[in-house]
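K.L.:
Sharing work27.txt (compact mmCIF, C-alpha atoms) below.
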# COMPACT_ATOMS: atom_id res chain seq x y z
CA MET A 1 -94.88 3.89 33.23
CA PHE A 2 -93.05 0.76 34.38
CA ASP A 3 -93.23 -1.39 31.30
CA PHE A 4 -89.96 -3.15 30.75
CA ASP A 5 -89.26 -4.57 27.35
CA ALA A 6 -86.43 -5.01 24.88
CA THR A 7 -85.59 -1.31 25.27
CA LEU A 8 -83.60 -2.17 28.38
CA PRO A 9 -80.97 -4.55 26.95
CA LEU A 10 -80.76 -2.62 23.72
CA MET A 11 -80.15 0.57 25.66
CA ALA A 12 -77.43 -1.18 27.65
CA VAL A 13 -75.76 -2.41 24.48
CA GLN A 14 -76.09 1.03 22.95
CA PHE A 15 -74.50 2.56 26.03
CA LEU A 16 -71.59 0.13 25.89
CA ILE A 17 -71.05 0.93 22.22
CA LEU A 18 -71.09 4.64 23.04
CA MET A 19 -68.58 3.99 25.81
CA ILE A 20 -66.18 2.16 23.50
CA LEU A 21 -66.63 4.77 20.78
CA LEU A 22 -66.03 7.70 23.12
CA ASN A 23 -63.05 5.91 24.61
CA GLN A 24 -61.52 5.68 21.14
CA ILE A 25 -62.30 9.17 19.91
CA PHE A 26 -62.44 11.22 23.08
CA TYR A 27 -60.96 9.91 26.31
CA LYS A 28 -57.88 8.27 24.83
CA PRO A 29 -56.56 10.92 22.41
CA LEU A 30 -57.40 13.90 24.58
CA GLY A 31 -56.28 12.11 27.72
CA GLU A 32 -52.95 11.39 26.05
CA ALA A 33 -52.69 15.03 25.01
CA ILE A 34 -53.37 16.15 28.57
CA ASP A 35 -50.87 13.67 30.01
CA LEU A 36 -48.21 14.60 27.49
CA ARG A 37 -48.71 18.27 28.24
CA ALA A 38 -48.58 17.64 31.96
CA GLU A 39 -45.38 15.66 31.45
CA TYR A 40 -43.94 18.42 29.26
CA VAL A 41 -44.80 21.09 31.80
CA ARG A 42 -43.40 19.03 34.64
CA LYS A 43 -40.20 18.36 32.74
CA ASN A 44 -39.75 22.00 31.82
CA GLN A 45 -40.46 23.03 35.36
CA ALA A 46 -37.89 20.59 36.72
CA ASP A 47 -35.43 21.77 34.12
CA ALA A 48 -36.06 25.38 35.00
CA ARG A 49 -35.70 24.64 38.69
CA GLU A 50 -32.42 22.88 38.03
CA ARG A 51 -31.18 25.80 35.98
CA LEU A 52 -32.21 28.24 38.64
CA ALA A 53 -30.33 26.24 41.24
CA LYS A 54 -27.32 26.18 38.97
CA ALA A 55 -27.52 29.90 38.36
CA LYS A 56 -27.79 30.55 42.07
CA GLU A 57 -24.80 28.32 42.67
CA LEU A 58 -22.83 30.20 40.03
CA ALA A 59 -23.87 33.54 41.47
CA LYS A 60 -22.77 32.38 44.90
CA GLN A 61 -19.47 31.19 43.49
CA TYR A 62 -18.93 34.50 41.72
CA GLN A 63 -19.74 36.32 44.90
CA GLN A 64 -17.18 34.28 46.74
CA GLU A 65 -14.61 34.83 44.05
CA LEU A 66 -15.37 38.51 44.06
CA ALA A 67 -14.96 38.67 47.82
CA ALA A 68 -11.68 36.76 47.59
CA ALA A 69 -10.43 39.05 44.85
CA ARG A 70 -11.40 42.11 46.82
CA LYS A 71 -9.63 40.76 49.87
CA GLN A 72 -6.57 40.00 47.78
CA SER A 73 -6.54 43.44 46.24
CA GLN A 74 -6.80 45.01 49.66
CA GLN A 75 -3.94 42.84 50.78
CA ILE A 76 -1.88 43.95 47.82
CA ILE A 77 -2.68 47.57 48.49
CA ALA A 78 -1.81 47.18 52.12
CA ASP A 79 1.47 45.47 51.22
CA ALA A 80 2.33 48.12 48.72
CA GLN A 81 1.53 50.84 51.20
CA ALA A 82 3.65 49.18 53.83
CA GLU A 83 6.51 48.79 51.41
CA ALA A 84 6.21 52.36 50.27
CA LYS A 85 6.19 53.54 53.83
CA LYS A 86 9.24 51.48 54.57
CA ILE A 87 11.09 52.82 51.57
CA ALA A 88 10.08 56.34 52.43
CA GLU A 89 11.26 55.90 55.98
CA GLU A 90 14.54 54.45 54.81
CA LYS A 91 15.09 57.28 52.46
CA ILE A 92 14.15 59.84 55.05
CA ALA A 93 16.50 58.22 57.51
CA ALA A 94 19.29 58.15 54.95
CA ALA A 95 18.67 61.76 54.03
CA GLN A 96 18.68 62.78 57.64
CA LYS A 97 21.87 60.89 58.23
CA GLU A 98 23.49 62.53 55.25
CA ALA A 99 22.25 65.91 56.34
CA ILE A 100 23.67 65.37 59.78
CA ALA A 101 26.93 64.23 58.30
CA LYS A 102 27.11 67.23 56.03
CA ARG A 103 26.29 69.56 58.88
CA GLU A 104 28.95 67.97 61.00
CA ALA A 105 31.43 68.26 58.19
CA ALA A 106 30.46 71.86 57.71
CA ALA A 107 30.77 72.50 61.43
CA GLN A 108 34.16 70.84 61.39
CA GLU A 109 35.30 73.02 58.55
CA ILE A 110 33.96 76.07 60.26
CA GLU A 111 35.85 75.08 63.35
CA ASN A 112 39.02 74.54 61.33
CA GLU A 113 38.62 77.82 59.58
CA LYS A 114 38.04 79.44 62.93
CA GLN A 115 41.12 77.81 64.41
CA GLN A 116 43.10 78.83 61.41
CA ALA A 117 41.71 82.31 61.55
CA LEU A 118 42.45 82.47 65.26
CA ALA A 119 45.97 81.17 64.67
CA THR A 120 46.49 83.74 61.97
CA LEU A 121 45.06 86.34 64.22
CA GLU A 122 47.34 85.30 67.04
CA GLN A 123 50.34 85.52 64.75
CA GLN A 124 49.28 88.91 63.64
CA VAL A 125 48.65 89.87 67.29
CA ASP A 126 52.15 88.64 68.06
CA ALA A 127 53.63 90.54 65.16
CA LEU A 128 51.71 93.66 65.98
CA SER A 129 52.51 93.49 69.64
CA ARG A 130 56.18 93.06 68.71
CA GLN A 131 55.99 96.03 66.40
CA ILE A 132 54.26 97.99 69.15
CA LEU A 133 57.00 97.00 71.58
CA GLU A 134 59.66 97.83 69.02
CA LYS A 135 58.13 101.19 68.53
CA LEU A 136 57.86 101.85 72.21
CA LEU A 137 61.16 100.42 73.46
CA GLY A 138 63.26 100.52 70.47
CA PRO A 139 64.44 97.60 68.42
CA GLU A 140 67.48 96.84 70.57
CA LEU A 141 65.55 96.16 73.69
CA VAL A 142 63.06 93.87 72.16
CA LYS A 143 65.51 91.10 71.26
CA MET B 1 -118.29 30.41 31.36
CA ILE B 2 -118.12 26.80 30.33
CA ASP B 3 -117.62 27.86 26.76
CA ALA B 4 -114.62 29.88 27.81
CA LEU B 5 -113.14 26.91 29.64
CA THR B 6 -113.55 24.60 26.69
CA PHE B 7 -112.01 27.26 24.52
CA TYR B 8 -108.91 27.20 26.67
CA ASN B 9 -108.91 23.44 26.66
CA ASN B 10 -108.98 23.35 22.91
CA LEU B 11 -106.01 25.68 22.80
CA THR B 12 -103.65 23.32 24.58
CA LEU B 13 -100.10 24.48 24.91
CA ALA B 14 -99.10 21.30 26.67
CA GLU B 15 -100.45 17.86 27.18
CA LEU B 16 -99.79 15.42 29.96
CA GLU B 17 -98.87 12.00 28.73
CA VAL B 18 -97.28 9.40 30.92
CA GLY B 19 -96.87 5.80 29.91
CA ASN B 20 -97.74 6.20 26.27
CA HIS B 21 -95.05 4.77 24.09
CA PHE B 22 -94.30 4.77 20.42
CA TYR B 23 -93.71 1.07 19.95
CA TRP B 24 -91.36 -0.42 17.43
CA GLN B 25 -91.60 -4.09 16.68
CA ILE B 26 -88.26 -5.87 16.32
CA GLY B 27 -88.81 -9.59 15.77
CA ASN B 28 -90.78 -10.74 18.77
CA PHE B 29 -89.74 -7.80 20.89
CA GLN B 30 -91.20 -4.40 21.38
CA VAL B 31 -89.04 -1.37 22.01
CA HIS B 32 -89.86 2.23 22.87
CA GLY B 33 -89.13 4.09 19.69
CA GLN B 34 -89.21 7.59 21.16
CA VAL B 35 -86.52 6.68 23.69
CA PHE B 36 -84.21 5.41 21.00
CA MET B 37 -84.79 8.41 18.78
CA THR B 38 -83.79 10.85 21.48
CA SER B 39 -80.95 8.65 22.70
CA TRP B 40 -79.54 8.54 19.17
CA PHE B 41 -79.74 12.30 19.13
CA VAL B 42 -77.80 12.41 22.40
CA ILE B 43 -75.21 9.92 21.16
CA ALA B 44 -74.82 11.80 17.89
CA LEU B 45 -74.31 15.04 19.82
CA LEU B 46 -71.59 13.49 21.99
CA VAL B 47 -69.82 11.85 19.07
CA ILE B 48 -69.93 15.02 16.98
CA ALA B 49 -68.54 17.05 19.88
CA ALA B 50 -65.74 14.51 20.37
CA ILE B 51 -64.91 14.40 16.66
CA ALA B 52 -64.96 18.18 16.45
CA ALA B 53 -62.42 18.22 19.27
CA ILE B 54 -59.94 15.81 17.70
CA THR B 55 -60.23 16.44 13.97
CA ASN B 56 -59.98 20.18 14.08
CA LYS B 57 -56.24 20.32 13.44
CA LYS B 58 -55.28 16.96 14.90
CA VAL B 59 -54.59 16.99 18.62
CA GLN B 60 -52.65 20.08 19.56
CA THR B 61 -50.29 20.57 22.43
CA ALA B 62 -51.72 24.01 23.00
CA PRO B 63 -55.45 23.42 22.77
CA SER B 64 -57.83 25.86 21.15
CA GLY B 65 -61.51 26.08 20.40
CA MET B 66 -63.45 22.86 20.69
CA GLN B 67 -60.44 20.86 21.84
CA ASN B 68 -59.99 23.27 24.71
CA PHE B 69 -63.60 22.87 25.76
CA MET B 70 -63.52 19.08 25.49
CA GLU B 71 -60.29 18.94 27.45
CA TYR B 72 -61.96 20.96 30.14
CA VAL B 73 -64.81 18.44 30.12
CA LEU B 74 -62.37 15.55 30.25
CA GLU B 75 -60.47 17.09 33.15
CA PHE B 76 -63.74 17.47 35.02
CA LEU B 77 -64.63 13.83 34.35
CA ARG B 78 -61.15 12.70 35.39
CA ASP B 79 -61.47 14.58 38.65
CA LEU B 80 -64.85 13.00 39.19
CA ALA B 81 -63.46 9.50 38.69
CA LYS B 82 -60.27 10.29 40.60
CA ASN B 83 -62.14 11.58 43.62
CA GLN B 84 -64.05 8.34 43.90
CA LEU B 85 -61.50 5.74 42.83
CA GLY B 86 -58.22 7.36 43.75
CA GLU B 87 -55.24 8.26 41.62
CA LYS B 88 -54.12 4.64 41.29
CA ASP B 89 -57.25 2.87 40.08
CA TYR B 90 -59.28 5.43 38.23
CA ARG B 91 -57.86 5.04 34.73
CA PRO B 92 -59.49 1.76 33.62
CA TRP B 93 -62.84 2.98 34.95
CA LEU B 94 -62.71 6.46 33.48
CA PRO B 95 -64.52 5.54 30.23
CA PHE B 96 -67.41 3.97 32.10
CA ILE B 97 -67.93 6.71 34.65
CA ALA B 98 -67.31 9.51 32.15
CA THR B 99 -69.72 8.03 29.62
CA LEU B 100 -72.33 7.58 32.35
CA PHE B 101 -72.04 11.24 33.26
CA LEU B 102 -71.99 12.54 29.70
CA PHE B 103 -74.87 10.37 28.51
CA ILE B 104 -77.10 11.16 31.48
CA PHE B 105 -76.19 14.83 31.54
CA VAL B 106 -76.76 15.41 27.82
CA SER B 107 -79.93 13.32 27.94
CA ASN B 108 -81.34 15.32 30.83
CA TRP B 109 -80.47 18.65 29.32
CA SER B 110 -81.75 17.67 25.91
CA GLY B 111 -85.04 16.84 27.61
CA ALA B 112 -85.09 20.26 29.23
CA LEU B 113 -83.71 22.41 26.42
CA VAL B 114 -84.69 20.80 23.11
CA PRO B 115 -88.33 21.44 22.22
CA TRP B 116 -89.09 17.82 21.50
CA GLY B 117 -92.83 18.49 21.68
CA LEU B 118 -92.70 20.26 18.32
CA ILE B 119 -91.83 17.00 16.57
CA GLU B 120 -94.96 14.95 16.14
CA ILE B 121 -94.70 11.20 16.56
CA PRO B 122 -97.65 8.81 16.87
CA ASP B 123 -98.97 7.75 20.28
CA SER B 124 -96.27 9.46 22.32
CA GLU B 125 -93.97 12.42 22.59
CA LEU B 126 -90.24 12.76 22.54
CA ALA B 127 -88.53 13.40 25.85
CA ALA B 128 -85.24 12.84 27.58
CA PRO B 129 -84.12 9.21 27.23
CA THR B 130 -83.60 9.18 30.98
CA ASN B 131 -87.28 9.65 31.72
CA ASP B 132 -87.90 6.11 30.55
CA ILE B 133 -87.40 3.50 33.27
CA ASN B 134 -85.77 1.12 30.78
CA THR B 135 -82.88 3.50 30.22
CA THR B 136 -82.20 4.16 33.88
CA VAL B 137 -82.47 0.50 34.83
CA ALA B 138 -80.14 -0.40 31.97
CA LEU B 139 -77.57 2.08 33.24
CA ALA B 140 -78.01 0.97 36.85
CA LEU B 141 -77.62 -2.72 35.95
CA LEU B 142 -74.50 -1.90 33.97
CA THR B 143 -73.18 -0.17 37.07
CA SER B 144 -73.90 -3.30 39.13
CA LEU B 145 -72.14 -5.47 36.58
CA ALA B 146 -69.27 -3.01 36.54
CA TYR B 147 -68.66 -3.15 40.25
CA PHE B 148 -69.02 -6.92 40.38
CA TYR B 149 -66.54 -7.16 37.51
CA ALA B 150 -64.25 -4.70 39.29
CA GLY B 151 -64.37 -6.72 42.51
CA PHE B 152 -63.83 -10.11 40.87
CA SER B 153 -61.10 -8.97 38.51
CA LYS B 154 -59.22 -7.36 41.39
CA LYS B 155 -59.61 -10.03 44.07
CA GLY B 156 -61.02 -13.11 42.38
CA LEU B 157 -63.27 -15.08 44.68
CA GLY B 158 -61.80 -13.17 47.58
CA TYR B 159 -64.32 -10.51 46.65
CA PHE B 160 -66.91 -12.44 48.66
CA ALA B 161 -64.87 -11.67 51.75
CA ASN B 162 -66.19 -8.13 51.39
CA TYR B 163 -69.59 -9.43 52.44
CA ILE B 164 -68.44 -10.54 55.86
CA GLN B 165 -66.21 -7.60 56.60
CA PRO B 166 -65.91 -5.82 58.95
CA ILE B 167 -68.31 -8.13 60.81
CA PRO B 168 -70.24 -11.14 59.45
CA ILE B 169 -73.47 -9.96 61.05
CA LEU B 170 -73.84 -7.41 58.27
CA LEU B 171 -74.01 -10.17 55.64
CA PRO B 172 -77.78 -9.89 55.00
CA ILE B 173 -77.51 -6.14 54.67
CA LYS B 174 -74.57 -6.45 52.31
CA ILE B 175 -76.51 -8.87 50.12
CA LEU B 176 -79.51 -6.59 50.23
CA GLU B 177 -77.30 -3.72 49.17
CA ASP B 178 -76.55 -5.44 45.87
CA PHE B 179 -80.23 -5.13 45.07
CA THR B 180 -80.86 -1.71 46.52
CA LYS B 181 -77.93 -0.12 44.77
CA PRO B 182 -79.22 -0.49 41.20
CA LEU B 183 -82.77 0.04 42.39
CA SER B 184 -82.01 3.32 44.07
CA LEU B 185 -79.75 4.46 41.22
CA SER B 186 -82.33 3.83 38.55
CA PHE B 187 -85.35 5.13 40.45
CA ARG B 188 -83.60 8.23 41.64
CA LEU B 189 -82.69 9.25 38.12
CA PHE B 190 -85.97 8.17 36.59
CA GLY B 191 -88.06 9.82 39.29
CA ASN B 192 -86.18 13.08 39.22
CA ILE B 193 -86.26 13.52 35.47
CA LEU B 194 -89.85 12.38 35.05
CA ALA B 195 -91.02 14.49 37.98
CA ASP B 196 -89.19 17.49 36.64
CA GLU B 197 -90.80 17.16 33.23
CA LEU B 198 -94.21 16.55 34.80
CA VAL B 199 -93.93 19.59 37.04
CA VAL B 200 -93.01 21.78 34.11
CA ALA B 201 -95.79 20.26 32.02
CA VAL B 202 -98.38 20.76 34.74
CA LEU B 203 -97.32 24.34 35.31
CA VAL B 204 -97.38 25.05 31.59
CA PHE B 205 -100.81 23.48 31.56
CA LEU B 206 -102.02 25.82 34.32
CA VAL B 207 -100.11 29.03 33.63
CA PRO B 208 -98.69 28.91 30.14
CA LEU B 209 -96.32 31.87 30.17
CA PHE B 210 -93.27 32.87 32.23
CA VAL B 211 -94.30 31.21 35.49
CA PRO B 212 -92.73 27.83 34.60
CA LEU B 213 -89.42 29.46 33.71
CA PRO B 214 -87.87 29.39 37.22
CA LEU B 215 -88.93 25.77 37.54
CA MET B 216 -87.35 25.00 34.21
CA ALA B 217 -84.12 26.59 35.45
CA LEU B 218 -84.38 24.51 38.60
CA GLY B 219 -84.96 21.50 36.35
CA LEU B 220 -81.69 22.20 34.54
CA PHE B 221 -79.94 22.34 37.89
CA THR B 222 -81.42 19.08 39.19
CA SER B 223 -80.72 17.40 35.85
CA ALA B 224 -77.06 18.26 36.12
CA ILE B 225 -76.98 17.19 39.76
CA GLN B 226 -78.62 13.86 38.94
CA ALA B 227 -76.02 13.12 36.28
CA LEU B 228 -73.26 13.98 38.76
CA VAL B 229 -74.88 11.85 41.48
CA PHE B 230 -75.27 8.84 39.21
CA ALA B 231 -71.67 8.99 38.00
CA THR B 232 -70.31 9.68 41.50
CA LEU B 233 -72.24 6.80 43.04
CA ALA B 234 -71.14 4.45 40.27
CA GLY B 235 -67.56 5.45 41.04
CA ALA B 236 -68.13 4.99 44.77
CA TYR B 237 -69.61 1.50 44.29
CA ILE B 238 -66.72 0.43 42.08
CA HIS B 239 -64.27 1.81 44.61
CA GLU B 240 -66.02 -0.07 47.38
CA ALA B 241 -65.68 -3.31 45.43
CA ILE B 242 -62.02 -2.72 44.61
CA GLU B 243 -60.89 -1.53 48.01
CA GLY B 244 -60.86 -4.10 50.78
CA TYR B 245 -60.99 -3.39 54.49
CA ASP B 246 -57.49 -4.74 55.03
CA GLU B 247 -56.02 -2.44 52.45
CA GLU B 248 -57.74 0.61 53.83
CA GLU B 249 -56.13 0.04 57.19
CA HIS B 250 -52.71 0.09 55.61
CA GLU B 251 -53.34 3.32 53.81
Output the structure of this file as structure tokens.
P.N.:
Amino acid sequence: MFDFDATLPLMAVQFLILMILLNQIFYKPLGEAIDLRAEYVRKNQADARERLAKAKELAKQYQQELAAARKQSQQIIADAQAEAKKIAEEKIAAAQKEAIAKREAAAQEIENEKQQALATLEQQVDALSRQILEKLLGPELVK
Amino acid sequence: MIDALTFYNNLTLAELEVGNHFYWQIGNFQVHGQVFMTSWFVIALLVIAAIAAITNKKVQTAPSGMQNFMEYVLEFLRDLAKNQLGEKDYRPWLPFIATLFLFIFVSNWSGALVPWGLIEIPDSELAAPTNDINTTVALALLTSLAYFYAGFSKKGLGYFANYIQPIPILLPIKILEDFTKPLSLSFRLFGNILADELVVAVLVFLVPLFVPLPLMALGLFTSAIQALVFATLAGAYIHEAIEGYDEEEHE
């Protein structure tokens, strides 16, 4: 069972030859393939991560821009509303003023007309009362 | 009664042979022919598998078929070496440790799975190359040389400082270790594989059918474990030689 002979060194040499052979045809080429693939995957992953970060950054930026734009639009709307309100108020005020003025003018005219009418009426009253007196007393007594 | 027994003995399904070798004469030296025949089979198997992996359609980025399988094997071997030697140092030692594992593993399994007994050779029978002590001692001595080489190439003569660290009182034990390491490596592998084949042979001898099957399955398991243990220990020894005590403290 334990007889050592030239099998031992020859087996060692054979093993070393196998090692060199397998290193050339197995470990090296396939190891390179595995390393290259690992490198490729790592690179792609890093690239993808970078792109994701970029995309997130862009999304954030868009969000901010969107928020700013919304704020601006609200501001514009508010301004426009305020302006419109102001204009409306001005116009209403002007219209009211005009209306008041017209009413006053009308009232004045009415008053004038009334005065005139009253004056006319008074004249007529005078004339009539004179005629009545003339009729009653006779024309000589009236003068 | 006795006739019946001799009848069964004539109808042998298995024979027990230990220590019979099919000698080849090379110059003044004798070698065990049956060991080389099976080891060439193992080597051919490994080389064919490797060639099938790389010549299919050159080396592909997206692996398929044999390349996929061999890459899986290589990743396993890399992890094995990496676990022992660390990410930094494992690359130069990968071929050695990986070849150790592959050669021992395929040898063991060929001994368990290939019906070598059907091929008649004079004086002996074919079996796993690893059930010959010459093979295991050769591998163990190569491991010793490997870790000495690793230690000296990394630290030069400073490697001897390993013997008196952490305390000089362990010096005799450290020196003893250099002898026990290859001894235990080779005898563990040799003993396990030989014992496994003997157990199966004895059981086949006693109860020819079905009963040895679970033991054969167990044999496959131990064969794989032995290959893993040998490669792992080789890695551990090399790591021990490379890594000094001072460096470990810094890590």
K.L.:
Quick one: contact table of chain A to chain B, 8 Å max, nearest atom pair and distance in Å to one decimal per residue, counting only C-alpha atoms, chain and number order, as JSON lines?
P.N.:
{"residue": "A:Met1", "atom": "CA", "partner": "B:Gly19", "partner_atom": "CA", "distance": 4.3}
{"residue": "A:Phe2", "atom": "CA", "partner": "B:Ile133", "partner_atom": "CA", "distance": 6.4}
{"residue": "A:Asp3", "atom": "CA", "partner": "B:Ile133", "partner_atom": "CA", "distance": 7.9}
{"residue": "A:Phe4", "atom": "CA", "partner": "B:Asn134", "partner_atom": "CA", "distance": 6.0}
{"residue": "A:Asp5", "atom": "CA", "partner": "B:Val31", "partner_atom": "CA", "distance": 6.2}
{"residue": "A:Ala6", "atom": "CA", "partner": "B:Val31", "partner_atom": "CA", "distance": 5.3}
{"residue": "A:Thr7", "atom": "CA", "partner": "B:Val31", "partner_atom": "CA", "distance": 4.7}
{"residue": "A:Leu8", "atom": "CA", "partner": "B:Asn134", "partner_atom": "CA", "distance": 4.6}
{"residue": "A:Pro9", "atom": "CA", "partner": "B:Ala138", "partner_atom": "CA", "distance": 6.6}
{"residue": "A:Met11", "atom": "CA", "partner": "B:Thr135", "partner_atom": "CA", "distance": 6.1}
{"residue": "A:Ala12", "atom": "CA", "partner": "B:Ala138", "partner_atom": "CA", "distance": 5.2}
{"residue": "A:Phe15", "atom": "CA", "partner": "B:Leu139", "partner_atom": "CA", "distance": 7.9}
{"residue": "A:Leu18", "atom": "CA", "partner": "B:Ile43", "partner_atom": "CA", "distance": 7.0}
{"residue": "A:Met19", "atom": "CA", "partner": "B:Thr99", "partner_atom": "CA", "distance": 5.7}
{"residue": "A:Ile20", "atom": "CA", "partner": "B:Pro95", "partner_atom": "CA", "distance": 7.7}
{"residue": "A:Leu21", "atom": "CA", "partner": "B:Val47", "partner_atom": "CA", "distance": 8.0}
{"residue": "A:Leu22", "atom": "CA", "partner": "B:Val47", "partner_atom": "CA", "distance": 6.9}
{"residue": "A:Asn23", "atom": "CA", "partner": "B:Pro95", "partner_atom": "CA", "distance": 5.8}
{"residue": "A:Ile25", "atom": "CA", "partner": "B:Ala50", "partner_atom": "CA", "distance": 6.4}
{"residue": "A:Phe26", "atom": "CA", "partner": "B:Ala50", "partner_atom": "CA", "distance": 5.4}
{"residue": "A:Tyr27", "atom": "CA", "partner": "B:Pro95", "partner_atom": "CA", "distance": 6.9}
{"residue": "A:Pro29", "atom": "CA", "partner": "B:Val59", "partner_atom": "CA", "distance": 7.4}
{"residue": "A:Leu30", "atom": "CA", "partner": "B:Glu71", "partner_atom": "CA", "distance": 6.5}
{"residue": "A:Gly31", "atom": "CA", "partner": "B:Leu74", "partner_atom": "CA", "distance": 7.4}
{"residue": "A:Ala33", "atom": "CA", "partner": "B:Thr61", "partner_atom": "CA", "distance": 6.6}
{"residue": "A:Ile34", "atom": "CA", "partner": "B:Glu71", "partner_atom": "CA", "distance": 7.5}
{"residue": "A:Arg37", "atom": "CA", "partner": "B:Thr61", "partner_atom": "CA", "distance": 6.4}
K.L.:
Could you jot down the CA of Tyr40 in chain A to CA of Leu52 in chain A separation for me, Å, one decimal place?
P.N.:
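Between CA of Tyr40 in chain A and CA of Leu52 in chain A the gap is 17.9 Å.
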K.L.:
Any idea what's packed within 9 Å of range 114-123 of chain B, counting all atoms listed in the file, ignoring anything in its chain fewer than 4 positions away? Could you give it as an mmCIF file with C-alpha atoms, in the coordinates of the input?
P.N.:
data_model
loop_
_atom_site.group_PDB
_atom_site.id
_atom_site.type_symbol
_atom_site.label_atom_id
_atom_site.label_comp_id
_atom_site.auth_asym_id
_atom_site.auth_seq_id
_atom_site.Cartn_x
_atom_site.Cartn_y
_atom_site.Cartn_z
ATOM 1 C CA ALA B 14 -99.100 21.300 26.670
ATOM 2 C CA ASN B 20 -97.740 6.200 26.270
ATOM 3 C CA HIS B 21 -95.050 4.770 24.090
ATOM 4 C CA PHE B 22 -94.300 4.770 20.420
ATOM 5 C CA TYR B 23 -93.710 1.070 19.950
ATOM 6 C CA GLN B 34 -89.210 7.590 21.160
ATOM 7 C CA THR B 38 -83.790 10.850 21.480
ATOM 8 C CA TRP B 109 -80.470 18.650 29.320
ATOM 9 C CA SER B 110 -81.750 17.670 25.910
ATOM 10 C CA ALA B 127 -88.530 13.400 25.850
ATOM 11 C CA ALA B 128 -85.240 12.840 27.580
#
K.L.:
Which residue is closest to Tyr147 in chain B? Choose from B:Leu85, B:Leu126, B:Val207, B:Ala161 and count all atoms listed in the file.
P.N.:
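Using all atoms listed in the file, the shortest distance to Tyr147 in chain B belongs to B:Leu85.
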K.L.:
Can you tell me how far CA of Met66 in chain B sits from CA of Asp35 in chain A, in Å to one decimal?
P.N.:
18.2 Å
K.L.:
Considering only C-alpha atoms, return as a ChimeraX atom specification whatever protein or nucleic-acid residues lie within 12 Å of Gln165 in chain B, sequence-local ones (same chain, fewer than 2 positions apart) excluded.
P.N.:
/B:158-163,167-174,240-241,243-246
K.L.:
Suppose you want the space between CA of Val229 in chain B and CA of Phe101 in chain B; what is it in Å?
P.N.:
8.7 Å
K.L.:
Return as JSON the centre and edge lengths, in Å with one decimal, of the box along x, y and z that encloses every atom of range 76-80 of chain B in the file, padded by 6 Å per side.
P.N.:
{"center_x": -63.0, "center_y": 15.1, "center_z": 36.8, "size_x": 15.7, "size_y": 16.8, "size_z": 16.8}
